[in-house]
Amino acid sequence: MKVILPILLINILGVLGFGLMITRFYRKVPAGKAGVMTGVGGMKVVTGSGIFVIPMMHSLDYVHAEAEAFESYFNGEQTQVVVQLKDEAEHIKRAYTAFGGKDREETRHVLQTLIDTSVNIAELDSRLEVVGYHRV
């Protein structure tokens, strides 16, 4: 009986500690964003779920993945352009290196500049993933 009580107490504390660790280190990626975890083990992309982030070993940043509408002029006509980040790891990694750490307004400003400096839709599509466009 004297041996069973400390072992039982250690097991209970272990289970509680493990549960606390899981709730503390698990990070869910919000809707409309892609998570990019960097650190030990390289760069990992997470969308639509969550990931374990261990402090001092990993860092988790977000990239906006929602469709964004912009207005610009192509061939003298006002055009609405809709761009969206592709849900593929390579595209998300590229967007992270370009926009990681920037808030939504800073990202919109950079995208608007890219759109405004493009000559036509084909050039813009080679620079960004254009989901759709139409004349206004």
# chains A, B, ... in the order shown; residues from 1 in each chain; ligands from 1
$ residues_around --residues "region 120-123 of chain A" --least-positions-apart "4" --cutoff "8 Å" --atoms "only C-alpha atoms" --output "ChimeraX atom specification"
/A:74-75,127
$ select_by_dssp --residues "region 50-105 of chain A" --states "alpha helix (DSSP H)" --output "MDAnalysis selection string"
chainID A and resid 89:99 104:105
$ write_last_selection --atoms "C-alpha atoms" --output "PDB file, in the first residue's frame"
ATOM      1  CA  ALA A  89       2.577  24.503 -49.385  1.00  0.00           C
ATOM      2  CA  GLU A  90       4.998  26.022 -51.917  1.00  0.00           C
ATOM      3  CA  HIS A  91       2.738  29.006 -52.616  1.00  0.00           C
ATOM      4  CA  ILE A  92       2.187  29.589 -48.901  1.00  0.00           C
ATOM      5  CA  LYS A  93       5.944  29.433 -48.217  1.00  0.00           C
ATOM      6  CA  ARG A  94       6.596  32.003 -50.959  1.00  0.00           C
ATOM      7  CA  ALA A  95       3.870  34.266 -49.580  1.00  0.00           C
ATOM      8  CA  TYR A  96       5.331  33.888 -46.088  1.00  0.00           C
ATOM      9  CA  THR A  97       8.754  35.055 -47.241  1.00  0.00           C
ATOM     10  CA  ALA A  98       7.121  38.054 -48.950  1.00  0.00           C
ATOM     11  CA  PHE A  99       4.401  38.959 -46.435  1.00  0.00           C
ATOM     12  CA  ARG A 104      -3.574  42.829 -43.572  1.00  0.00           C
ATOM     13  CA  GLU A 105      -3.337  46.507 -44.564  1.00  0.00           C
TER      14      GLU A 105
END
$ atom_distance --atom1 "CA of Leu128 (chain A)" --atom2 "CA of Lys33 (chain A)"
17.2 Å
$ residues_around --residues "Tyr26 (chain A)" --least-positions-apart "5" --cutoff "7 Å" --atoms "only C-alpha atoms" --output "number ranges by chain"
A: 50-53
$ write_last_selection --atoms "C-alpha atoms" --output "PDB file, in the first residue's frame"
ATOM      1  CA  GLY A  50      -3.530  23.080 -35.756  1.00  0.00           C
ATOM      2  CA  ILE A  51       0.041  22.239 -34.844  1.00  0.00           C
ATOM      3  CA  PHE A  52       2.179  21.761 -31.742  1.00  0.00           C
ATOM      4  CA  VAL A  53       4.521  24.708 -31.245  1.00  0.00           C
TER       5      VAL A  53
END
$ residues_around --residues "region 56-70 of chain A" --least-positions-apart "4" --cutoff "6 Å" --atoms "only C-alpha atoms" --output "list in words"
Gly32, Lys33, Ala34, Gly35, Val36, Met37, Thr38, Gly39, Val40, Gln80, Val81, Val82, Val83, Gln84 and Leu85 of chain A
$ select_by_dssp --residues "chain A" --states "strand (DSSP E or B)" --output "PyMOL selection string"
chain A and resi 26-28+33-39+44-46+50-52+58-64+68-74+77-83+130-135
$ write_last_selection --atoms "N, CA and C atoms" --output "compact mmCIF listing (two decimals), in the first residue's frame"
# COMPACT_ATOMS: atom_id res chain seq x y z
N TYR A 26 -0.48 23.54 -28.22
CA TYR A 26 -1.24 23.32 -29.45
C TYR A 26 -1.81 24.65 -29.92
N ARG A 27 -1.54 25.02 -31.16
CA ARG A 27 -2.04 26.27 -31.74
C ARG A 27 -2.92 25.95 -32.95
N LYS A 28 -4.14 26.47 -32.93
CA LYS A 28 -5.07 26.28 -34.05
C LYS A 28 -4.92 27.45 -35.00
N LYS A 33 -6.63 32.01 -42.83
CA LYS A 33 -5.18 32.21 -42.69
C LYS A 33 -4.47 30.88 -42.89
N ALA A 34 -3.20 30.98 -43.22
CA ALA A 34 -2.34 29.80 -43.29
C ALA A 34 -1.24 30.01 -42.25
N GLY A 35 -0.94 28.97 -41.50
CA GLY A 35 0.12 29.05 -40.50
C GLY A 35 1.42 28.50 -41.05
N VAL A 36 2.52 29.18 -40.72
CA VAL A 36 3.84 28.74 -41.12
C VAL A 36 4.69 28.62 -39.86
N MET A 37 5.08 27.37 -39.54
CA MET A 37 5.91 27.13 -38.36
C MET A 37 7.35 27.01 -38.81
N THR A 38 8.23 27.78 -38.17
CA THR A 38 9.65 27.73 -38.48
C THR A 38 10.40 27.34 -37.22
N GLY A 39 11.61 26.87 -37.41
CA GLY A 39 12.45 26.49 -36.28
C GLY A 39 13.02 25.11 -36.51
N LYS A 44 7.19 24.39 -41.85
CA LYS A 44 6.00 23.56 -42.05
C LYS A 44 4.80 24.47 -42.24
N VAL A 45 3.92 24.08 -43.16
CA VAL A 45 2.72 24.87 -43.47
C VAL A 45 1.50 24.15 -42.93
N VAL A 46 0.60 24.92 -42.30
CA VAL A 46 -0.62 24.35 -41.72
C VAL A 46 -1.81 25.20 -42.17
N GLY A 50 -4.43 22.52 -36.74
CA GLY A 50 -3.53 23.08 -35.76
C GLY A 50 -2.20 22.35 -35.75
N ILE A 51 -1.29 22.82 -34.89
CA ILE A 51 0.04 22.24 -34.84
C ILE A 51 0.62 22.48 -33.45
N PHE A 52 1.50 21.59 -33.02
CA PHE A 52 2.18 21.76 -31.74
C PHE A 52 3.39 22.67 -31.93
N HIS A 58 10.30 26.53 -31.83
CA HIS A 58 9.47 26.83 -32.99
C HIS A 58 8.87 28.23 -32.87
N SER A 59 8.47 28.74 -34.01
CA SER A 59 7.76 30.01 -34.08
C SER A 59 6.63 29.82 -35.09
N LEU A 60 5.45 30.36 -34.79
CA LEU A 60 4.30 30.23 -35.69
C LEU A 60 3.85 31.62 -36.12
N ASP A 61 3.84 31.85 -37.43
CA ASP A 61 3.34 33.10 -38.00
C ASP A 61 2.21 32.78 -38.96
N TYR A 62 1.44 33.80 -39.31
CA TYR A 62 0.28 33.60 -40.17
C TYR A 62 0.40 34.42 -41.45
N VAL A 63 -0.19 33.90 -42.52
CA VAL A 63 -0.30 34.59 -43.79
C VAL A 63 -1.78 34.62 -44.15
N HIS A 64 -2.28 35.78 -44.58
CA HIS A 64 -3.69 35.89 -44.97
C HIS A 64 -3.93 35.09 -46.25
N GLU A 68 -8.99 38.56 -51.98
CA GLU A 68 -9.00 40.02 -51.84
C GLU A 68 -9.34 40.64 -53.19
N ALA A 69 -10.20 41.64 -53.18
CA ALA A 69 -10.59 42.33 -54.41
C ALA A 69 -9.89 43.69 -54.48
N PHE A 70 -9.37 44.00 -55.66
CA PHE A 70 -8.67 45.27 -55.90
C PHE A 70 -9.20 45.87 -57.19
N GLU A 71 -9.12 47.19 -57.29
CA GLU A 71 -9.51 47.85 -58.53
C GLU A 71 -8.29 48.51 -59.14
N SER A 72 -8.17 48.40 -60.46
CA SER A 72 -7.06 48.99 -61.18
C SER A 72 -7.49 49.25 -62.62
N TYR A 73 -6.60 49.81 -63.41
CA TYR A 73 -6.88 50.10 -64.82
C TYR A 73 -5.99 49.26 -65.71
N PHE A 74 -6.59 48.53 -66.64
CA PHE A 74 -5.88 47.77 -67.65
C PHE A 74 -6.43 48.17 -69.00
N GLU A 77 -9.35 50.62 -69.11
CA GLU A 77 -10.64 50.25 -68.52
C GLU A 77 -10.45 49.90 -67.05
N GLN A 78 -11.38 50.39 -66.24
CA GLN A 78 -11.33 50.06 -64.82
C GLN A 78 -11.70 48.58 -64.66
N THR A 79 -10.87 47.85 -63.92
CA THR A 79 -11.05 46.41 -63.77
C THR A 79 -10.95 46.03 -62.29
N GLN A 80 -11.85 45.14 -61.87
CA GLN A 80 -11.74 44.60 -60.52
C GLN A 80 -11.01 43.27 -60.61
N VAL A 81 -9.95 43.13 -59.83
CA VAL A 81 -9.12 41.92 -59.83
C VAL A 81 -9.25 41.26 -58.47
N VAL A 82 -9.50 39.95 -58.46
CA VAL A 82 -9.59 39.18 -57.22
C VAL A 82 -8.40 38.23 -57.16
N VAL A 83 -7.61 38.34 -56.10
CA VAL A 83 -6.46 37.45 -55.93
C VAL A 83 -6.65 36.65 -54.63
N VAL A 130 -4.27 35.02 -59.82
CA VAL A 130 -5.50 35.77 -60.05
C VAL A 130 -6.66 34.79 -60.09
N VAL A 131 -7.61 34.96 -59.18
CA VAL A 131 -8.76 34.08 -59.12
C VAL A 131 -9.78 34.49 -60.17
N GLY A 132 -9.96 35.80 -60.34
CA GLY A 132 -10.92 36.26 -61.33
C GLY A 132 -10.79 37.75 -61.52
N TYR A 133 -11.36 38.26 -62.59
CA TYR A 133 -11.36 39.70 -62.83
C TYR A 133 -12.54 40.03 -63.73
N HIS A 134 -13.02 41.25 -63.63
CA HIS A 134 -14.06 41.71 -64.53
C HIS A 134 -13.99 43.24 -64.65
N ARG A 135 -14.50 43.74 -65.75
CA ARG A 135 -14.53 45.19 -65.98
C ARG A 135 -15.60 45.80 -65.09
$ atom_distance --atom1 "CA of Leu114 (chain A)" --atom2 "CA of Thr47 (chain A)"
25.3 Å
